[in-house]
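Asker: This is the structure, below, for whatever I ask next.
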Amino acid sequence: MTWLSYSTRALSLFAVLPLVLRKFAPGDIVLWYLFSTIISLQNLADLGFRQTFSRVISFAYGGAKDIGTFVNKKSTEILSEEPNIPLLTELVSTMQVIYTWLTILVLILGSSFGTWAMAGPIKNASSTGQSWMSWGVVLLVSCISFYGKIYLNFLEGLYKIALVRRVETITSVGSILSSLLVLIISPSLLNLVLVNQFWALLVTFRDWYLCKRVNNGFFNLVSVSRPFNRTIFNKIWPQAWRSGISNFMSVGLTNLSGLVYAQVGGASAVASYLLAIRIINQIKDISMAPFYSKLPILARLRVSNDLSTLIRTVKRGMFISHIVYVLGFIFVGVFSDFILSTIHSEVPFVSQPLWMLIGLAFFIHRYGAMHMQVYLSTNHVISHIADGVSGLLYIISALLLSKLIGVYAIPVGLLIGYLGFYSWYATIHSIKSLDVNFWDFEKRASLIPVTLMILYLVFYLKFL
C-alpha cells in the first residue's frame, strides 16, 4: 500500500509537473516550489515530536510498561500481553496539548519569517495580488494540517500504515486529476494552490476519520482529556529535541538553502535548481516506501528482542529502497533534457554535473538515514549528533565554496557533511545495535545499488 501511495503521488511528476513547466512563467514556478519548501520548513516547528510520538505510541500499543530505551533488555521485562491503555491515554493527551502550542508557533513563524521570505520572489510573479492570496491560503491550511499530524502519529503507532496509504492513494489521485483540470481549463497559481490545499485539508479529515474508526474506535478510548502530564513530557522531550535538531540540520538546511538561493538567484536559474530538488525529493520519497513503512514494525521487533527478524526486515527494506532510488536517479539523468524539450518547458534542467552531485549527496544521506532509523528503534536518539556535526560541516564548506563554484557549493557541501561524518557515524551505531558483521550485512543491503551508482557516474565522466 505504501508503494501504491508513493507511486500515485509520483504521477504528479509525469502529469502535473509538465503542465506547470509549460504554462507557468519562471517566477510563478519558483513560487510554486517555494510554497512546498515553506510547508516543509514548518515541519521543523514539530521539534521532533512527530517521530517520537509515533515511536512511543507503538511501544505502548505493543505492551511496553514504560517508554524507556530498549537496549539489551529482555522482552519479559518490558512487555505485557495487551496494549498499555493507561500509558496510551497519557501519551495521547500530552500529544494534543503539545501540538496545540506548536501549531500556534507555526502560525507565528509562517506569518513573520514566511511572509518575509515570500516578499522577494512574489515581486517576480505574474500577478502579485494572486500570489499573496495564494500564500495566505497555504499558511492557513498548513497550520490546520500541522495539528492534524496527531492523528497520523496515532495511526502509525498502531501499525495502520497500510490503511493510511490505501486511502492516501485515493486522495492523491483526486489531487492530481483536479490539478490537471485547473491547468487545462484555468491555469493560474492561485487556482492551483486552492485545489491542492483543498486536498490537504481532506487528508487531515481523512486521518481524523480513520482514527475514530480503526480498532472499534480505540482512539476514542485513549483520547480522554487529562491534565498535562509533565512526567510523560520529561520522558519524551530528550528524544524529541534531539530529533528536532536532527531535522533542522538535515532537511531544514537543505530547504533553507533553496530559500536563500531564491532571494539572490535569477528566476530561471532558481526555477531550474528547485525543479531538480523537487524531482530528487520525489525519487527519494518513492524509494523510502519499502523501508519507512516498516518503522513501527522495527520498533516492535526491537521491543520483543527479535533481532533475527529485525535484521531480515532491515536488509530487504534497505536493498529495495536503494535500488529504486538509483534507477530513478539514472533515468532522470539520461532523459531529463529530452523530456523537457518535448513538453516545451519554460524552465531548462540543471547541468548534468550538478544533477550528479545532487543525486550522489542525497543517496549518501539516505544510506546514513536508514541506518539511523534502525538505531532509533532502540529509542536512544543520537541523530542530533550525526546531523549536527554534518550540518556544521555543510554550512562551513558551502559558505567557503559559494563564491568559487556558485550553486555547486550546495551539493558539494552536503557531500562533505554526509561523507565526513553522518553516514559512517550512523552506520557504526546501527550495525553495533544489530550485532552483525558490516560486510555480511551490506553485501545484501547495498552492494548492488552502490555498484550501479558508481558505474553510471564513471560512464558519464568517461564517455559523455
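Residue numbers start at 1 in each chain; chains themselves are named A, B, ... in the order of the C-alpha cells; ligands are numbered from 1 in the order shown.
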With a distance cut-off of 12 Å and only C-alpha atoms, select the neighbouring residues of Ser134 of chain A, excluding the residue or stretch itself and same-chain residues fewer than 6 positions from it, and output the selection as a PyMOL selection string.
Answerer: chain A and resi 28+31-32+34-35+115+118+122+125+127-128+140-141+188-197
Asker: Write a file of the selected residues as an mmCIF file, in the first residue's frame, keeping C-alpha atoms.
Answerer:
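Once written, out_4.cif looks like this:
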```cif
data_model
loop_
_atom_site.group_PDB
_atom_site.id
_atom_site.type_symbol
_atom_site.label_atom_id
_atom_site.label_comp_id
_atom_site.auth_asym_id
_atom_site.auth_seq_id
_atom_site.Cartn_x
_atom_site.Cartn_y
_atom_site.Cartn_z
ATOM 1 C CA ASP A 28 5.371 31.532 -10.817
ATOM 2 C CA LEU A 31 6.738 30.419 -6.061
ATOM 3 C CA TRP A 32 5.063 27.040 -6.596
ATOM 4 C CA LEU A 34 8.801 27.751 -2.562
ATOM 5 C CA PHE A 35 5.344 27.109 -1.138
ATOM 6 C CA THR A 115 5.918 36.227 4.654
ATOM 7 C CA MET A 118 7.928 35.304 0.047
ATOM 8 C CA ILE A 122 6.445 37.388 -5.299
ATOM 9 C CA ALA A 125 5.415 36.618 -10.185
ATOM 10 C CA SER A 127 0.322 38.534 -10.507
ATOM 11 C CA THR A 128 1.453 39.826 -7.130
ATOM 12 C CA LEU A 140 -3.804 28.797 6.901
ATOM 13 C CA VAL A 141 -4.201 25.253 5.599
ATOM 14 C CA SER A 188 -3.121 30.179 -12.627
ATOM 15 C CA LEU A 189 -1.035 29.912 -9.489
ATOM 16 C CA LEU A 190 -3.970 30.807 -7.217
ATOM 17 C CA ASN A 191 -6.305 28.228 -8.754
ATOM 18 C CA LEU A 192 -3.679 25.503 -8.479
ATOM 19 C CA VAL A 193 -2.994 26.410 -4.841
ATOM 20 C CA LEU A 194 -6.695 26.377 -3.975
ATOM 21 C CA VAL A 195 -7.149 22.914 -5.440
ATOM 22 C CA ASN A 196 -4.069 21.453 -3.761
ATOM 23 C CA GLN A 197 -4.849 22.952 -0.367
#
```
Asker: Please identify all polymer residues within 10 Å of Trp101 of chain A, counting only C-alpha atoms, omitting same-chain residues fewer than 5 positions from it, and present them as a compact mmCIF listing (two decimals) with N, CA and C atoms, in the first residue's frame.
Answerer:
```
# COMPACT_ATOMS: atom_id res chain seq x y z
N GLN A 96 -1.79 16.03 22.38
CA GLN A 96 -2.76 17.03 21.97
C GLN A 96 -2.41 18.41 22.52
N VAL A 106 3.78 27.63 14.73
CA VAL A 106 3.83 27.55 13.27
C VAL A 106 3.17 28.77 12.64
N TYR A 147 -1.54 20.55 12.91
CA TYR A 147 -2.18 20.00 14.10
C TYR A 147 -2.72 18.60 13.83
```
Asker: Identify, with DSSP run on backbone atoms, the residues in segment 85-283 of chain A assigned to alpha helix (DSSP H), and express the list as a ChimeraX atom specification.
Answerer: /A:85-109,115-123,128-147,149-157,161-185,189-222,230-247,253-264,267-283
Asker: Using only C-alpha atoms, which of A:Leu401, A:Val138, A:Val374, A:Ala299 sits nearest Gly317 of chain A?
Answerer: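 Answer, going by the shortest atom-to-atom distance: A:Val374.
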Asker: Which neighbours of segment 403-414 of chain A fall inside 10 Å, counting only C-alpha atoms, when residues of the same chain fewer than 6 positions from it are skipped, and could you give them as a PDB file with N, CA, C and O atoms, in the first residue's frame?
Answerer:
```
ATOM      1  N   SER A 250      19.443  18.748   8.871  1.00  0.00           N
ATOM      2  CA  SER A 250      19.480  17.923   7.657  1.00  0.00           C
ATOM      3  C   SER A 250      18.501  18.474   6.626  1.00  0.00           C
ATOM      4  O   SER A 250      18.861  19.273   5.756  1.00  0.00           O
ATOM      5  N   LEU A 253      18.224  22.477   6.636  1.00  0.00           N
ATOM      6  CA  LEU A 253      19.285  23.216   5.959  1.00  0.00           C
ATOM      7  C   LEU A 253      19.170  23.103   4.449  1.00  0.00           C
ATOM      8  O   LEU A 253      19.422  24.064   3.721  1.00  0.00           O
ATOM      9  N   THR A 254      18.778  21.930   3.948  1.00  0.00           N
ATOM     10  CA  THR A 254      18.603  21.760   2.502  1.00  0.00           C
ATOM     11  C   THR A 254      17.503  22.669   1.980  1.00  0.00           C
ATOM     12  O   THR A 254      17.673  23.344   0.948  1.00  0.00           O
ATOM     13  N   SER A 257      18.535  26.315   2.087  1.00  0.00           N
ATOM     14  CA  SER A 257      19.462  26.654   1.003  1.00  0.00           C
ATOM     15  C   SER A 257      18.699  27.088  -0.246  1.00  0.00           C
ATOM     16  O   SER A 257      19.061  28.068  -0.905  1.00  0.00           O
ATOM     17  N   GLY A 258      17.638  26.346  -0.571  1.00  0.00           N
ATOM     18  CA  GLY A 258      16.821  26.726  -1.716  1.00  0.00           C
ATOM     19  C   GLY A 258      16.134  28.056  -1.507  1.00  0.00           C
ATOM     20  O   GLY A 258      16.000  28.863  -2.436  1.00  0.00           O
ATOM     21  N   TYR A 261      18.783  30.771  -1.919  1.00  0.00           N
ATOM     22  CA  TYR A 261      19.140  30.899  -3.339  1.00  0.00           C
ATOM     23  C   TYR A 261      18.054  31.650  -4.103  1.00  0.00           C
ATOM     24  O   TYR A 261      18.335  32.411  -5.029  1.00  0.00           O
ATOM     25  N   GLY A 265      19.308  34.492  -6.588  1.00  0.00           N
ATOM     26  CA  GLY A 265      19.497  33.982  -7.945  1.00  0.00           C
ATOM     27  C   GLY A 265      18.459  34.515  -8.915  1.00  0.00           C
ATOM     28  O   GLY A 265      17.416  35.045  -8.527  1.00  0.00           O
ATOM     29  N   ALA A 269      17.323  30.456 -13.258  1.00  0.00           N
ATOM     30  CA  ALA A 269      18.300  29.586 -12.602  1.00  0.00           C
ATOM     31  C   ALA A 269      17.715  28.974 -11.330  1.00  0.00           C
ATOM     32  O   ALA A 269      17.911  27.787 -11.051  1.00  0.00           O
ATOM     33  N   VAL A 270      16.988  29.785 -10.572  1.00  0.00           N
ATOM     34  CA  VAL A 270      16.367  29.286  -9.341  1.00  0.00           C
ATOM     35  C   VAL A 270      15.319  28.229  -9.667  1.00  0.00           C
ATOM     36  O   VAL A 270      15.229  27.192  -9.006  1.00  0.00           O
ATOM     37  N   TYR A 273      17.024  24.945 -10.487  1.00  0.00           N
ATOM     38  CA  TYR A 273      17.546  24.283  -9.293  1.00  0.00           C
ATOM     39  C   TYR A 273      16.422  23.681  -8.466  1.00  0.00           C
ATOM     40  O   TYR A 273      16.499  22.519  -8.022  1.00  0.00           O
ATOM     41  N   PRO A 353      26.526  17.724 -14.442  1.00  0.00           N
ATOM     42  CA  PRO A 353      27.397  17.640 -13.256  1.00  0.00           C
ATOM     43  C   PRO A 353      26.678  18.040 -11.972  1.00  0.00           C
ATOM     44  O   PRO A 353      26.874  17.410 -10.924  1.00  0.00           O
ATOM     45  N   LEU A 354      25.827  19.073 -12.048  1.00  0.00           N
ATOM     46  CA  LEU A 354      25.099  19.493 -10.852  1.00  0.00           C
ATOM     47  C   LEU A 354      24.092  18.424 -10.437  1.00  0.00           C
ATOM     48  O   LEU A 354      23.944  18.118  -9.251  1.00  0.00           O
ATOM     49  N   TRP A 355      23.411  17.819 -11.408  1.00  0.00           N
ATOM     50  CA  TRP A 355      22.457  16.748 -11.098  1.00  0.00           C
ATOM     51  C   TRP A 355      23.153  15.548 -10.468  1.00  0.00           C
ATOM     52  O   TRP A 355      22.649  14.948  -9.517  1.00  0.00           O
ATOM     53  N   MET A 356      24.321  15.204 -10.969  1.00  0.00           N
ATOM     54  CA  MET A 356      25.062  14.071 -10.418  1.00  0.00           C
ATOM     55  C   MET A 356      25.471  14.336  -8.978  1.00  0.00           C
ATOM     56  O   MET A 356      25.376  13.445  -8.115  1.00  0.00           O
ATOM     57  N   LEU A 357      25.914  15.558  -8.689  1.00  0.00           N
ATOM     58  CA  LEU A 357      26.306  15.891  -7.326  1.00  0.00           C
ATOM     59  C   LEU A 357      25.111  15.868  -6.382  1.00  0.00           C
ATOM     60  O   LEU A 357      25.199  15.369  -5.253  1.00  0.00           O
ATOM     61  N   ILE A 358      23.973  16.409  -6.845  1.00  0.00           N
ATOM     62  CA  ILE A 358      22.760  16.401  -6.024  1.00  0.00           C
ATOM     63  C   ILE A 358      22.324  14.965  -5.745  1.00  0.00           C
ATOM     64  O   ILE A 358      22.030  14.597  -4.601  1.00  0.00           O
ATOM     65  N   GLY A 359      22.279  14.138  -6.798  1.00  0.00           N
ATOM     66  CA  GLY A 359      21.845  12.758  -6.633  1.00  0.00           C
ATOM     67  C   GLY A 359      22.756  11.957  -5.729  1.00  0.00           C
ATOM     68  O   GLY A 359      22.281  11.158  -4.903  1.00  0.00           O
ATOM     69  N   LEU A 360      24.060  12.144  -5.859  1.00  0.00           N
ATOM     70  CA  LEU A 360      25.010  11.420  -5.019  1.00  0.00           C
ATOM     71  C   LEU A 360      24.891  11.848  -3.561  1.00  0.00           C
ATOM     72  O   LEU A 360      24.929  11.007  -2.651  1.00  0.00           O
ATOM     73  N   ALA A 361      24.739  13.155  -3.335  1.00  0.00           N
ATOM     74  CA  ALA A 361      24.610  13.653  -1.966  1.00  0.00           C
ATOM     75  C   ALA A 361      23.356  13.088  -1.290  1.00  0.00           C
ATOM     76  O   ALA A 361      23.406  12.638  -0.137  1.00  0.00           O
ATOM     77  N   PHE A 362      22.242  13.085  -2.006  1.00  0.00           N
ATOM     78  CA  PHE A 362      21.003  12.565  -1.435  1.00  0.00           C
ATOM     79  C   PHE A 362      21.095  11.054  -1.210  1.00  0.00           C
ATOM     80  O   PHE A 362      20.531  10.530  -0.240  1.00  0.00           O
ATOM     81  N   ILE A 364      23.816   9.289  -0.440  1.00  0.00           N
ATOM     82  CA  ILE A 364      24.633   9.046   0.750  1.00  0.00           C
ATOM     83  C   ILE A 364      23.848   9.392   2.016  1.00  0.00           C
ATOM     84  O   ILE A 364      23.941   8.702   3.039  1.00  0.00           O
ATOM     85  N   HIS A 365      23.046  10.457   1.929  1.00  0.00           N
ATOM     86  CA  HIS A 365      22.227  10.804   3.086  1.00  0.00           C
ATOM     87  C   HIS A 365      21.186   9.729   3.369  1.00  0.00           C
ATOM     88  O   HIS A 365      20.959   9.354   4.525  1.00  0.00           O
ATOM     89  N   SER A 390      27.386  17.004  10.842  1.00  0.00           N
ATOM     90  CA  SER A 390      27.383  17.063   9.377  1.00  0.00           C
ATOM     91  C   SER A 390      26.788  18.375   8.887  1.00  0.00           C
ATOM     92  O   SER A 390      27.226  18.926   7.866  1.00  0.00           O
ATOM     93  N   GLY A 391      25.788  18.904   9.627  1.00  0.00           N
ATOM     94  CA  GLY A 391      25.214  20.192   9.253  1.00  0.00           C
ATOM     95  C   GLY A 391      26.225  21.322   9.361  1.00  0.00           C
ATOM     96  O   GLY A 391      26.288  22.207   8.503  1.00  0.00           O
ATOM     97  N   LEU A 392      27.030  21.304  10.423  1.00  0.00           N
ATOM     98  CA  LEU A 392      28.074  22.324  10.574  1.00  0.00           C
ATOM     99  C   LEU A 392      29.121  22.209   9.471  1.00  0.00           C
ATOM    100  O   LEU A 392      29.586  23.220   8.926  1.00  0.00           O
ATOM    101  N   LEU A 393      29.496  20.970   9.139  1.00  0.00           N
ATOM    102  CA  LEU A 393      30.442  20.774   8.036  1.00  0.00           C
ATOM    103  C   LEU A 393      29.875  21.320   6.731  1.00  0.00           C
ATOM    104  O   LEU A 393      30.588  21.932   5.925  1.00  0.00           O
ATOM    105  N   TYR A 394      28.562  21.105   6.521  1.00  0.00           N
ATOM    106  CA  TYR A 394      27.911  21.608   5.309  1.00  0.00           C
ATOM    107  C   TYR A 394      27.908  23.128   5.273  1.00  0.00           C
ATOM    108  O   TYR A 394      28.265  23.747   4.252  1.00  0.00           O
ATOM    109  N   ILE A 395      27.516  23.758   6.372  1.00  0.00           N
ATOM    110  CA  ILE A 395      27.441  25.220   6.410  1.00  0.00           C
ATOM    111  C   ILE A 395      28.800  25.845   6.137  1.00  0.00           C
ATOM    112  O   ILE A 395      28.937  26.761   5.310  1.00  0.00           O
ATOM    113  N   ILE A 396      29.826  25.346   6.829  1.00  0.00           N
ATOM    114  CA  ILE A 396      31.170  25.920   6.674  1.00  0.00           C
ATOM    115  C   ILE A 396      31.679  25.737   5.250  1.00  0.00           C
ATOM    116  O   ILE A 396      32.165  26.679   4.617  1.00  0.00           O
ATOM    117  N   SER A 397      31.571  24.514   4.717  1.00  0.00           N
ATOM    118  CA  SER A 397      32.097  24.252   3.373  1.00  0.00           C
ATOM    119  C   SER A 397      31.301  24.984   2.299  1.00  0.00           C
ATOM    120  O   SER A 397      31.872  25.506   1.342  1.00  0.00           O
ATOM    121  N   GLY A 420      31.773  13.148   5.534  1.00  0.00           N
ATOM    122  CA  GLY A 420      32.708  13.488   6.602  1.00  0.00           C
ATOM    123  C   GLY A 420      32.290  12.980   7.968  1.00  0.00           C
ATOM    124  O   GLY A 420      33.141  12.763   8.835  1.00  0.00           O
TER     125      GLY A 420
END
```
Asker: So, counting only C-alpha atoms, which residue among A:Pro83, A:Gly266, A:Pro238, A:Gly157 is closest to Cys211 of chain A?
Answerer: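 Residue with the minimum atom-to-atom distance to Cys211 of chain A: A:Gly157.
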Asker: What does the distance from atom CA of Asn247 of chain A to atom CA of Ser287 of chain A come to in Å, to one decimal?
Answerer: 19.0 Å
Asker: State, in Å with one decimal place, the distance from atom CA of Tyr209 of chain A to atom CA of Tyr61 of chain A.
Answerer: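 That distance, rounded to one decimal, is 19.7 Å.
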